[in-house]
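Engineer: Sending over query21.txt (compact mmCIF, C-alpha atoms).
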```txt
# COMPACT_ATOMS: atom_id res chain seq x y z
CA MET V 1 67.89 104.40 65.59
CA ALA V 2 68.59 107.06 68.22
CA ILE V 3 69.22 105.87 71.76
CA THR V 4 67.03 107.58 74.35
CA PRO V 5 69.14 108.75 77.30
CA PRO V 6 68.07 107.42 80.71
CA VAL V 7 65.80 109.63 82.79
CA GLN V 8 67.81 111.40 85.48
CA THR V 9 66.82 111.18 89.14
CA ILE V 10 66.42 114.15 91.49
CA LEU V 11 66.28 113.60 95.25
CA VAL V 12 64.04 116.15 96.98
CA VAL V 13 64.84 116.55 100.68
CA ASP V 14 62.34 118.60 102.70
CA ASP V 15 60.26 117.98 105.81
CA ILE V 16 57.21 120.02 104.70
CA PRO V 17 54.72 118.11 102.48
CA ASP V 18 53.55 121.22 100.60
CA ASN V 19 57.13 122.02 99.59
CA ILE V 20 57.69 118.46 98.40
CA THR V 21 54.48 118.58 96.35
CA LEU V 22 55.46 121.85 94.70
CA LEU V 23 59.00 120.72 93.82
CA THR V 24 57.96 117.31 92.51
CA GLU V 25 55.16 118.81 90.35
CA VAL V 26 57.74 121.05 88.70
CA LEU V 27 60.29 118.26 88.26
CA ASN V 28 58.18 115.22 87.36
CA PRO V 29 57.50 116.11 83.70
CA HIS V 30 61.27 116.09 83.10
CA TYR V 31 62.92 113.89 85.74
CA ARG V 32 62.34 110.94 88.03
CA THR V 33 62.01 112.11 91.64
CA ARG V 34 62.69 110.53 95.00
CA ILE V 35 61.70 112.00 98.36
CA ALA V 36 63.28 112.17 101.81
CA THR V 37 61.80 114.05 104.75
CA GLN V 38 64.84 113.63 107.01
CA GLY V 39 68.56 114.09 106.58
CA GLU V 40 69.40 110.54 107.64
CA THR V 41 67.08 109.14 104.95
CA ALA V 42 68.65 111.41 102.34
CA LEU V 43 72.13 110.11 103.21
CA LYS V 44 70.96 106.50 102.88
CA ILE V 45 69.40 107.13 99.47
CA ALA V 46 72.49 109.01 98.26
CA GLY V 47 74.77 106.17 99.38
CA SER V 48 72.62 103.41 97.89
CA ALA V 49 73.36 101.33 94.81
CA SER V 50 71.16 103.72 92.78
CA PRO V 51 72.16 107.22 93.89
CA PRO V 52 70.39 110.33 92.58
CA ASP V 53 71.93 112.50 89.88
CA LEU V 54 71.24 115.69 91.86
CA ILE V 55 69.88 116.64 95.30
CA LEU V 56 67.55 119.53 96.16
CA LEU V 57 68.16 120.05 99.87
CA ASP V 58 66.32 122.06 102.51
CA ILE V 59 68.33 123.37 105.46
CA MET V 60 65.93 123.49 108.40
CA MET V 61 64.80 119.92 109.11
CA PRO V 62 64.34 117.74 112.19
CA GLY V 63 67.35 115.64 113.16
CA ILE V 64 70.44 116.64 111.21
CA ASN V 65 69.98 119.82 109.20
CA GLY V 66 70.76 120.38 105.54
CA TYR V 67 74.22 121.81 106.23
CA GLU V 68 75.23 118.63 108.05
CA VAL V 69 73.75 116.46 105.29
CA CYS V 70 75.78 118.35 102.70
CA ARG V 71 78.94 118.10 104.80
CA ARG V 72 78.57 114.32 105.13
CA LEU V 73 77.83 113.91 101.44
CA LYS V 74 81.00 115.77 100.49
CA GLU V 75 83.11 113.82 103.00
CA ASN V 76 82.07 110.50 101.49
CA PRO V 77 83.97 109.58 98.28
CA ASP V 78 80.93 107.62 97.08
CA THR V 79 78.57 110.63 97.26
CA ARG V 80 80.97 113.55 96.89
CA ALA V 81 80.27 114.06 93.19
CA ILE V 82 76.47 114.37 93.52
CA PRO V 83 75.53 118.04 92.94
CA VAL V 84 73.64 119.61 95.86
CA ILE V 85 71.38 122.65 95.46
CA PHE V 86 70.08 124.19 98.66
CA VAL V 87 66.40 125.23 98.46
CA THR V 88 65.55 127.19 101.60
CA VAL V 89 63.85 130.20 103.18
CA MET V 90 67.15 131.20 104.79
CA ASP V 91 68.02 134.23 102.69
CA ASP V 92 70.90 135.77 104.63
CA ILE V 93 74.08 136.15 102.60
CA GLN V 94 76.03 134.34 105.33
CA ASP V 95 73.67 131.34 105.07
CA GLU V 96 74.28 131.16 101.33
CA GLN V 97 78.05 131.49 101.83
CA GLN V 98 78.04 128.66 104.36
CA GLY V 99 76.10 126.39 102.02
CA LEU V 100 78.45 127.02 99.10
CA GLU V 101 81.52 126.56 101.29
CA LEU V 102 80.21 123.14 102.30
CA GLY V 103 80.26 122.10 98.65
CA ALA V 104 76.80 122.93 97.30
CA VAL V 105 76.74 124.00 93.65
CA ASP V 106 73.85 126.46 94.04
CA TYR V 107 71.55 128.15 96.54
CA LEU V 108 67.88 128.94 95.81
CA ILE V 109 65.61 131.03 98.04
CA LYS V 110 61.98 130.06 98.67
CA PRO V 111 59.47 130.79 97.31
CA ILE V 112 61.08 129.45 94.18
CA SER V 113 60.47 130.35 90.55
CA PRO V 114 59.79 127.03 88.76
CA ALA V 115 61.43 128.26 85.57
CA ILE V 116 64.59 129.38 87.38
CA MET V 117 64.78 126.15 89.39
CA LEU V 118 64.48 124.00 86.24
CA ALA V 119 67.13 126.08 84.51
CA ARG V 120 69.52 125.68 87.44
CA VAL V 121 68.84 121.93 87.65
CA ARG V 122 69.45 121.49 83.90
CA THR V 123 72.68 123.48 84.11
CA HIS V 124 74.15 121.49 86.98
CA LEU V 125 73.10 118.15 85.54
CA ALA V 126 74.76 119.11 82.26
CA LEU V 127 77.91 120.13 84.13
CA ARG V 128 77.94 116.81 85.95
CA ASP V 129 77.54 114.92 82.68
CA GLN V 130 80.50 116.84 81.26
CA THR V 131 82.54 116.09 84.38
CA ARG V 132 81.70 112.39 84.13
CA GLU V 133 82.77 112.33 80.49
CA LEU V 134 86.00 114.14 81.31
CA GLN V 135 86.70 111.67 84.11
CA ARG V 136 86.01 108.78 81.75
CA LEU V 137 88.43 110.18 79.18
CA VAL V 138 91.09 110.80 81.84
CA HIS V 139 90.64 107.26 83.16
CA GLU V 140 90.82 105.87 79.64
CA ARG V 141 94.01 107.81 78.90
CA THR V 142 95.53 106.90 82.25
CA THR V 143 94.81 103.24 81.53
CA GLU V 144 96.47 103.53 78.13
CA LEU V 145 99.55 105.11 79.70
CA GLU V 146 99.68 102.42 82.38
CA ILE V 147 99.48 99.69 79.73
CA THR V 148 102.27 101.39 77.79
CA ARG V 149 104.44 101.70 80.90
CA ARG V 150 103.99 98.06 81.81
CA GLU V 151 104.74 97.01 78.23
CA ILE V 152 107.98 99.00 78.32
CA ILE V 153 108.92 97.28 81.57
CA HIS V 154 108.13 93.91 80.03
CA ARG V 155 110.28 94.71 77.00
CA LEU V 156 113.18 95.80 79.19
CA GLY V 157 112.93 92.47 80.97
CA ARG V 158 113.00 90.71 77.62
CA VAL V 159 116.22 92.57 76.74
CA ALA V 160 118.02 90.79 79.57
CA GLU V 161 116.46 87.46 78.66
CA PHE V 162 117.40 87.64 74.97
CA LYS V 163 120.97 88.39 76.00
CA ASP V 164 121.01 85.52 78.46
CA TYR V 165 118.85 82.78 76.94
CA GLU V 166 117.21 81.96 73.63
CA THR V 167 113.72 82.78 74.88
CA GLY V 168 111.98 85.35 76.98
CA LEU V 169 109.45 82.85 78.35
CA HIS V 170 111.47 82.54 81.56
CA ILE V 171 110.32 85.97 82.74
CA VAL V 172 106.73 85.19 81.76
CA ARG V 173 106.65 81.97 83.77
CA MET V 174 108.62 83.38 86.67
CA SER V 175 106.40 86.47 86.95
CA HIS V 176 103.30 84.28 87.11
CA TYR V 177 104.95 82.11 89.77
CA VAL V 178 105.68 85.30 91.71
CA LEU V 179 102.05 86.40 91.43
CA LEU V 180 100.77 83.05 92.71
CA LEU V 181 103.21 82.97 95.63
CA ALA V 182 102.52 86.61 96.53
CA ARG V 183 98.79 85.88 96.72
CA ALA V 184 99.46 82.80 98.84
CA ALA V 185 101.58 84.96 101.16
CA GLY V 186 98.60 87.26 101.73
CA LEU V 187 99.64 90.31 99.71
CA GLY V 188 96.79 92.53 98.49
CA ASP V 189 95.69 92.87 94.88
CA THR V 190 97.59 96.10 94.24
CA SER V 191 100.83 94.77 95.74
CA CYS V 192 100.50 91.54 93.76
CA GLU V 193 99.93 93.43 90.51
CA ILE V 194 102.97 95.65 91.12
CA LEU V 195 105.13 92.64 92.02
CA PHE V 196 103.99 90.73 88.93
CA SER V 197 105.10 93.55 86.64
CA ALA V 198 108.26 94.48 88.55
CA ALA V 199 109.50 90.87 88.61
CA GLN V 200 110.01 91.06 84.87
CA MET V 201 112.96 93.41 85.44
CA HIS V 202 114.72 91.44 88.17
CA ASP V 203 117.62 90.42 85.90
CA ILE V 204 117.96 93.66 83.92
CA GLY V 205 121.50 94.01 85.29
CA LYS V 206 122.66 91.09 83.13
CA ILE V 207 122.78 93.59 80.27
CA GLY V 208 126.08 94.68 81.78
CA ILE V 209 127.63 91.20 81.92
CA PRO V 210 129.93 90.26 78.98
CA ASP V 211 128.56 87.51 76.72
CA HIS V 212 131.59 85.25 77.17
CA ILE V 213 130.69 85.02 80.87
CA LEU V 214 126.93 85.06 80.60
CA LEU V 215 126.79 82.36 77.93
CA LYS V 216 129.76 80.26 79.04
CA PRO V 217 128.80 76.53 78.66
CA GLY V 218 130.42 75.51 81.93
CA LYS V 219 131.29 76.65 85.43
CA LEU V 220 132.62 80.16 85.92
CA ASP V 221 136.08 80.68 87.40
CA ALA V 222 136.55 82.96 90.41
CA GLU V 223 137.16 86.10 88.34
CA GLU V 224 134.18 85.45 86.07
CA TRP V 225 131.97 84.70 89.04
CA ALA V 226 132.96 87.97 90.69
CA ILE V 227 131.82 89.81 87.55
CA MET V 228 128.58 87.83 87.36
CA ARG V 229 127.76 88.69 90.99
CA ARG V 230 127.73 92.36 90.05
CA HIS V 231 124.53 92.11 88.01
CA PRO V 232 122.13 92.87 90.92
CA GLU V 233 123.84 96.19 91.59
CA MET V 234 124.00 96.90 87.86
CA GLY V 235 120.25 96.30 87.72
CA GLY V 236 119.64 98.63 90.63
CA ALA V 237 121.70 101.32 88.91
CA ILE V 238 119.88 100.85 85.58
CA ILE V 239 116.44 101.21 87.20
CA GLY V 240 117.52 104.02 89.51
CA GLU V 241 115.65 105.46 92.48
CA HIS V 242 112.04 106.54 91.92
CA ALA V 243 108.98 107.41 94.00
CA ASP V 244 106.84 105.30 91.65
CA ASP V 245 105.84 102.07 93.43
CA LEU V 246 106.40 99.85 90.41
CA LEU V 247 109.91 101.11 89.65
CA LYS V 248 110.77 101.18 93.35
CA THR V 249 109.76 97.52 93.62
CA ALA V 250 111.66 96.63 90.43
CA ARG V 251 114.83 98.12 91.93
CA ILE V 252 114.34 96.17 95.16
CA LEU V 253 113.95 92.93 93.21
CA ALA V 254 117.01 93.61 91.07
CA LEU V 255 119.09 94.18 94.20
CA THR V 256 117.77 91.39 96.42
CA HIS V 257 116.78 88.36 94.33
CA HIS V 258 120.15 86.67 95.02
CA GLU V 259 120.15 87.33 98.76
CA LYS V 260 119.79 84.19 100.90
CA TRP V 261 117.88 83.55 104.10
CA ASP V 262 121.05 82.58 106.02
CA GLY V 263 122.97 85.70 104.90
CA SER V 264 125.27 83.94 102.44
CA GLY V 265 123.78 85.61 99.35
CA TYR V 266 124.84 88.71 97.46
CA PRO V 267 125.36 91.62 96.97
CA LYS V 268 124.70 92.77 100.57
CA GLY V 269 124.62 89.51 102.52
CA LEU V 270 121.18 90.32 103.93
CA GLN V 271 119.73 87.75 106.32
CA GLY V 272 116.23 86.52 107.14
CA GLU V 273 113.60 89.26 107.13
CA GLU V 274 116.24 91.87 106.33
CA ILE V 275 115.55 90.68 102.80
CA PRO V 276 112.34 92.34 101.55
CA LEU V 277 109.44 89.91 101.22
CA SER V 278 109.26 90.68 97.51
CA GLY V 279 112.89 89.64 97.07
CA ARG V 280 112.32 86.40 98.99
CA ILE V 281 109.32 85.57 96.80
CA VAL V 282 111.22 86.21 93.56
CA ALA V 283 114.18 84.12 94.78
CA ILE V 284 112.05 80.98 94.97
CA ALA V 285 110.18 81.60 91.71
CA ASP V 286 113.40 82.45 89.83
CA VAL V 287 115.35 79.43 91.06
CA PHE V 288 112.50 77.02 90.37
CA ASP V 289 112.15 78.15 86.78
CA SER V 290 115.91 78.26 86.24
CA LEU V 291 116.31 74.71 87.56
CA THR V 292 113.48 73.32 85.41
CA SER V 293 114.69 75.08 82.23
CA THR V 294 117.57 74.31 79.89
CA ARG V 295 120.49 76.73 80.14
CA PRO V 296 123.76 77.04 78.19
CA TYR V 297 125.56 75.40 81.09
CA LYS V 298 123.04 72.69 82.11
CA GLN V 299 120.08 70.52 81.18
CA ALA V 300 116.66 71.07 82.70
CA TRP V 301 115.97 69.38 86.03
CA SER V 302 112.79 67.42 86.70
CA VAL V 303 110.12 69.15 88.76
CA ASP V 304 110.60 66.61 91.58
CA ASN V 305 114.34 67.30 91.76
CA ALA V 306 113.77 71.07 91.66
CA ILE V 307 111.22 70.92 94.49
CA ARG V 308 113.56 68.67 96.47
CA PHE V 309 116.38 71.19 96.06
CA ILE V 310 114.17 74.09 97.18
CA ASP V 311 112.87 72.08 100.13
CA GLU V 312 116.39 71.08 101.21
CA ASN V 313 117.48 74.72 101.08
CA ALA V 314 114.55 76.08 103.09
CA GLY V 315 116.07 78.00 105.98
CA SER V 316 119.42 78.43 104.22
CA HIS V 317 118.77 79.84 100.75
CA PHE V 318 115.01 80.37 100.98
CA ASP V 319 112.46 81.69 103.46
CA PRO V 320 111.10 78.42 104.96
CA LYS V 321 107.54 79.72 105.29
CA LEU V 322 107.47 80.74 101.64
CA VAL V 323 108.82 77.32 100.64
CA GLN V 324 105.87 75.67 102.36
CA LEU V 325 103.47 78.03 100.61
CA PHE V 326 105.16 77.33 97.27
CA LYS V 327 104.60 73.61 97.70
CA THR V 328 100.92 74.13 98.49
CA ILE V 329 100.39 76.04 95.23
CA LEU V 330 102.49 73.64 93.14
CA PRO V 331 99.52 72.46 91.01
CA GLU V 332 98.92 76.07 89.90
CA ILE V 333 102.67 76.54 89.33
CA LEU V 334 102.77 73.48 87.08
CA ARG V 335 99.75 74.73 85.15
CA ILE V 336 101.62 77.96 84.38
CA ARG V 337 104.75 75.98 83.50
CA GLU V 338 102.79 73.93 81.00
CA GLN V 339 100.94 76.92 79.57
CA TYR V 340 104.17 78.83 78.86
CA ALA V 341 106.43 75.90 78.00
CA GLU V 342 109.05 76.46 75.28
CA ASP V 343 107.51 73.82 73.00
CA ALA V 344 104.07 75.38 73.57
CA ARG V 345 105.36 78.66 72.17
CA GLU V 346 106.79 76.88 69.13
CA GLU V 347 103.36 75.35 68.47
CA ARG V 348 101.71 78.78 68.73
CA GLU V 349 104.23 80.25 66.31
```
In structure tokens, what does this structure look like?
Structural biologist:
Amino acid sequence: MAITPPVQTILVVDDIPDNITLLTEVLNPHYRTRIATQGETALKIAGSASPPDLILLDIMMPGINGYEVCRRLKENPDTRAIPVIFVTVMDDIQDEQQGLELGAVDYLIKPISPAIMLARVRTHLALRDQTRELQRLVHERTTELEITRREIIHRLGRVAEFKDYETGLHIVRMSHYVLLLARAAGLGDTSCEILFSAAQMHDIGKIGIPDHILLKPGKLDAEEWAIMRRHPEMGGAIIGEHADDLLKTARILALTHHEKWDGSGYPKGLQGEEIPLSGRIVAIADVFDSLTSTRPYKQAWSVDNAIRFIDENAGSHFDPKLVQLFKTILPEILRIREQYAEDAREERE
């Protein structure tokens, strides 16, 4: 069964009743019409939840004229795409030029020919439909590319995890902890989304650490520890410098997630708010998950002991304000921990 396309809406803007009657009689057999007799009313209708598909706009009206209406429509991102056709008695070539320069798609001189007006309306509605479809396809493709990019970043994070531990669930849990703490710290949705994805690459530099050091079932000696401390800078070098916000954030996290609030961290010995907020957030999330997970060199700590350690190191290792926020969101943290537990993955497999 064929689907009937929705009837398109034309907004007729004119202050003379006879003109409105003429235009609506021509349009009504084919389109739904709305009417505005003033520019201010036209702007309200165009910016409403149900905007018109096209606007027929007179120029000479009381209040703001048609030129000003068109200018405001094109300045507003929400109404910019609505096609505007001027319908006016102003037939000077300079008037037409001004209208088109303001963003109108066409310029009709009164008295109008109904057949020509309908043809122009059909043409510009068809062009808008094509533009909408093109925008939809571009958005769809852009979304696909963004999903692919984020999946690549996730897989790169898994590379470091598979080299370091037996599972990649650490980066899954830690990234969710980061997201929760970032929201609690007041970061906006876009920043939180970027941080969530970028956190998955924080340990990418461990690719450059030899296995006999990375997987050693005991404490590292001074020489081994010096090599291990190089992984943040290795991560920064692997990611490189980019204008892209996600990769820029990933590099910051790789370089700063082992910095400490009191300046005793590495590789730069940054102190307090010299450490980017994103790095301070990841530091807490990373340590909590590392403490509560089994590693080649230790058994998992209890949640209570891990929280006690983080609390005791607030103001030395960790940003004290973020520690307080982390404790307030602990129920959500534990929900994530349970959802992505190692034994939970084994059950799913």
Engineer: Please indicate the distance in Å from CA of Lys74 (chain V) to CA of Gly47 (chain V), rounded to one decimal place.
Structural biologist: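 About the pair CA of Lys74 (chain V) and CA of Gly47 (chain V): they are 11.5 Å apart.
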Engineer: Please indicate the distance in Å from CA of Arg34 (chain V) to CA of Gln130 (chain V), rounded to one decimal place.
Structural biologist: 23.4 Å
Engineer: Do you know which residues lie at most 12 Å from (100.8, 92.0, 95.8), with coordinates as in the file and only C-alpha atoms counted, and could you write them as a PyMOL selection string?
Structural biologist: chain V and resi 175-176+178-199+245-246+249+277-278+281
Engineer: Write out, as a compact mmCIF listing (two decimals), in the coordinates of the input, the residues just selected, with C-alpha atoms.
Structural biologist:
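Writing the result to out_33.txt gives the following:
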```
# COMPACT_ATOMS: atom_id res chain seq x y z
CA SER V 175 106.40 86.47 86.95
CA HIS V 176 103.30 84.28 87.11
CA VAL V 178 105.68 85.30 91.71
CA LEU V 179 102.05 86.40 91.43
CA LEU V 180 100.77 83.05 92.71
CA LEU V 181 103.21 82.97 95.63
CA ALA V 182 102.52 86.61 96.53
CA ARG V 183 98.79 85.88 96.72
CA ALA V 184 99.46 82.80 98.84
CA ALA V 185 101.58 84.96 101.16
CA GLY V 186 98.60 87.26 101.73
CA LEU V 187 99.64 90.31 99.71
CA GLY V 188 96.79 92.53 98.49
CA ASP V 189 95.69 92.87 94.88
CA THR V 190 97.59 96.10 94.24
CA SER V 191 100.83 94.77 95.74
CA CYS V 192 100.50 91.54 93.76
CA GLU V 193 99.93 93.43 90.51
CA ILE V 194 102.97 95.65 91.12
CA LEU V 195 105.13 92.64 92.02
CA PHE V 196 103.99 90.73 88.93
CA SER V 197 105.10 93.55 86.64
CA ALA V 198 108.26 94.48 88.55
CA ALA V 199 109.50 90.87 88.61
CA ASP V 245 105.84 102.07 93.43
CA LEU V 246 106.40 99.85 90.41
CA THR V 249 109.76 97.52 93.62
CA LEU V 277 109.44 89.91 101.22
CA SER V 278 109.26 90.68 97.51
CA ILE V 281 109.32 85.57 96.80
```
Engineer: Find the residues near Phe326 (chain V): any atom within 9 Å, counting only C-alpha atoms, skip ones fewer than 4 places away on the same chain, and give them as a PyMOL selection string.
Structural biologist: chain V and resi 177+180-181+184+284-285+321-322+330+333
Engineer: Might you pull out every residue within 12 Å of region 261-263 of chain V, with only C-alpha atoms counted and same-chain residues fewer than 5 positions away left off, and present them as a CSV table (one decimal) with C-alpha atoms, keeping the file's coordinate frame?
Structural biologist:
```
chain,number,residue,atom,x,y,z
V,256,THR,CA,117.8,91.4,96.4
V,268,LYS,CA,124.7,92.8,100.6
V,269,GLY,CA,124.6,89.5,102.5
V,270,LEU,CA,121.2,90.3,103.9
V,271,GLN,CA,119.7,87.8,106.3
V,272,GLY,CA,116.2,86.5,107.1
V,273,GLU,CA,113.6,89.3,107.1
V,274,GLU,CA,116.2,91.9,106.3
V,275,ILE,CA,115.6,90.7,102.8
V,276,PRO,CA,112.3,92.3,101.6
V,277,LEU,CA,109.4,89.9,101.2
V,279,GLY,CA,112.9,89.6,97.1
V,280,ARG,CA,112.3,86.4,99.0
V,281,ILE,CA,109.3,85.6,96.8
V,283,ALA,CA,114.2,84.1,94.8
V,284,ILE,CA,112.0,81.0,95.0
V,313,ASN,CA,117.5,74.7,101.1
V,314,ALA,CA,114.6,76.1,103.1
V,315,GLY,CA,116.1,78.0,106.0
V,316,SER,CA,119.4,78.4,104.2
V,317,HIS,CA,118.8,79.8,100.8
V,318,PHE,CA,115.0,80.4,101.0
V,319,ASP,CA,112.5,81.7,103.5
V,320,PRO,CA,111.1,78.4,105.0
V,321,LYS,CA,107.5,79.7,105.3
V,322,LEU,CA,107.5,80.7,101.6
V,323,VAL,CA,108.8,77.3,100.6
```
Engineer: Using only C-alpha atoms, find the one residue out of V:Ile213, V:Met201, V:Tyr340, V:Pro331 that sits nearest to Val282 (chain V).
Structural biologist: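 That would be V:Met201, the residue with the smallest distance to Val282 (chain V).
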Engineer: For a quick check of understanding, using all atoms listed in the file, which of V:His170, V:His124, V:Lys110, V:Arg251 has the smallest distance to Arg295 (chain V)?
Structural biologist: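 Looking at the shortest contact to Arg295 (chain V), the residue is V:His170.
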Engineer: Taking the point (68.9, 117.4, 95.2) as given in the file, collect each protein or nucleic acid residue that comes within 10 Å of it, counting only C-alpha atoms, and present the set as a PDB file with C-alpha atoms, in the frame of the given file.
Structural biologist:
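So selection-v1.pdb came out as:
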```pdb
ATOM      1  CA  THR V   9      66.820 111.180  89.140  1.00  0.00           C
ATOM      2  CA  ILE V  10      66.420 114.150  91.490  1.00  0.00           C
ATOM      3  CA  LEU V  11      66.280 113.600  95.250  1.00  0.00           C
ATOM      4  CA  VAL V  12      64.040 116.150  96.980  1.00  0.00           C
ATOM      5  CA  VAL V  13      64.840 116.550 100.680  1.00  0.00           C
ATOM      6  CA  THR V  33      62.010 112.110  91.640  1.00  0.00           C
ATOM      7  CA  ARG V  34      62.690 110.530  95.000  1.00  0.00           C
ATOM      8  CA  ILE V  35      61.700 112.000  98.360  1.00  0.00           C
ATOM      9  CA  ALA V  42      68.650 111.410 102.340  1.00  0.00           C
ATOM     10  CA  ALA V  46      72.490 109.010  98.260  1.00  0.00           C
ATOM     11  CA  PRO V  52      70.390 110.330  92.580  1.00  0.00           C
ATOM     12  CA  ASP V  53      71.930 112.500  89.880  1.00  0.00           C
ATOM     13  CA  LEU V  54      71.240 115.690  91.860  1.00  0.00           C
ATOM     14  CA  ILE V  55      69.880 116.640  95.300  1.00  0.00           C
ATOM     15  CA  LEU V  56      67.550 119.530  96.160  1.00  0.00           C
ATOM     16  CA  LEU V  57      68.160 120.050  99.870  1.00  0.00           C
ATOM     17  CA  ASP V  58      66.320 122.060 102.510  1.00  0.00           C
ATOM     18  CA  ILE V  82      76.470 114.370  93.520  1.00  0.00           C
ATOM     19  CA  PRO V  83      75.530 118.040  92.940  1.00  0.00           C
ATOM     20  CA  VAL V  84      73.640 119.610  95.860  1.00  0.00           C
ATOM     21  CA  ILE V  85      71.380 122.650  95.460  1.00  0.00           C
ATOM     22  CA  PHE V  86      70.080 124.190  98.660  1.00  0.00           C
ATOM     23  CA  VAL V  87      66.400 125.230  98.460  1.00  0.00           C
ATOM     24  CA  ALA V 104      76.800 122.930  97.300  1.00  0.00           C
ATOM     25  CA  VAL V 121      68.840 121.930  87.650  1.00  0.00           C
TER      26      VAL V 121
END
```
Engineer: Record the distance separating CA of Phe309 (chain V) and CA of Lys327 (chain V), expressed in Å with one decimal.
Structural biologist: 12.1 Å
Engineer: Taking only C-alpha atoms into account, name the residue in V:Ile93, V:Ala119, V:Ile16, V:Val287 that is nearest to His30 (chain V).
Structural biologist: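 Among V:Ile93, V:Ala119, V:Ile16, V:Val287, it is V:Ala119 that comes nearest to His30 (chain V).
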Engineer: Would you mind telling me which residue in V:Tyr67, V:Glu75, V:Ala254, V:Val26 lies nearest to Ala115 (chain V) when using only C-alpha atoms?
Structural biologist: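 That would be V:Val26, the residue with the smallest distance to Ala115 (chain V).
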Engineer: Put a box with edges along x, y and z around all the listed atoms of region 53-71 of chain V, pad it by 8 Å on each side, then give me its centre and sizes in Å, one decimal, as AutoDock Vina command-line options.
Structural biologist:
```
--center_x 71.6 --center_y 118.0 --center_z 101.5 --size_x 30.6 --size_y 27.0 --size_z 39.3
```
Engineer: Pick out the residues sitting within 12 Å of Asp18 (chain V), and hand them over as a list in words; count all atoms listed in the file, and ignore anything fewer than 5 positions along from it in its own chain.
Structural biologist: Leu23, Thr24, Glu25, Thr37 and Pro111 of chain V
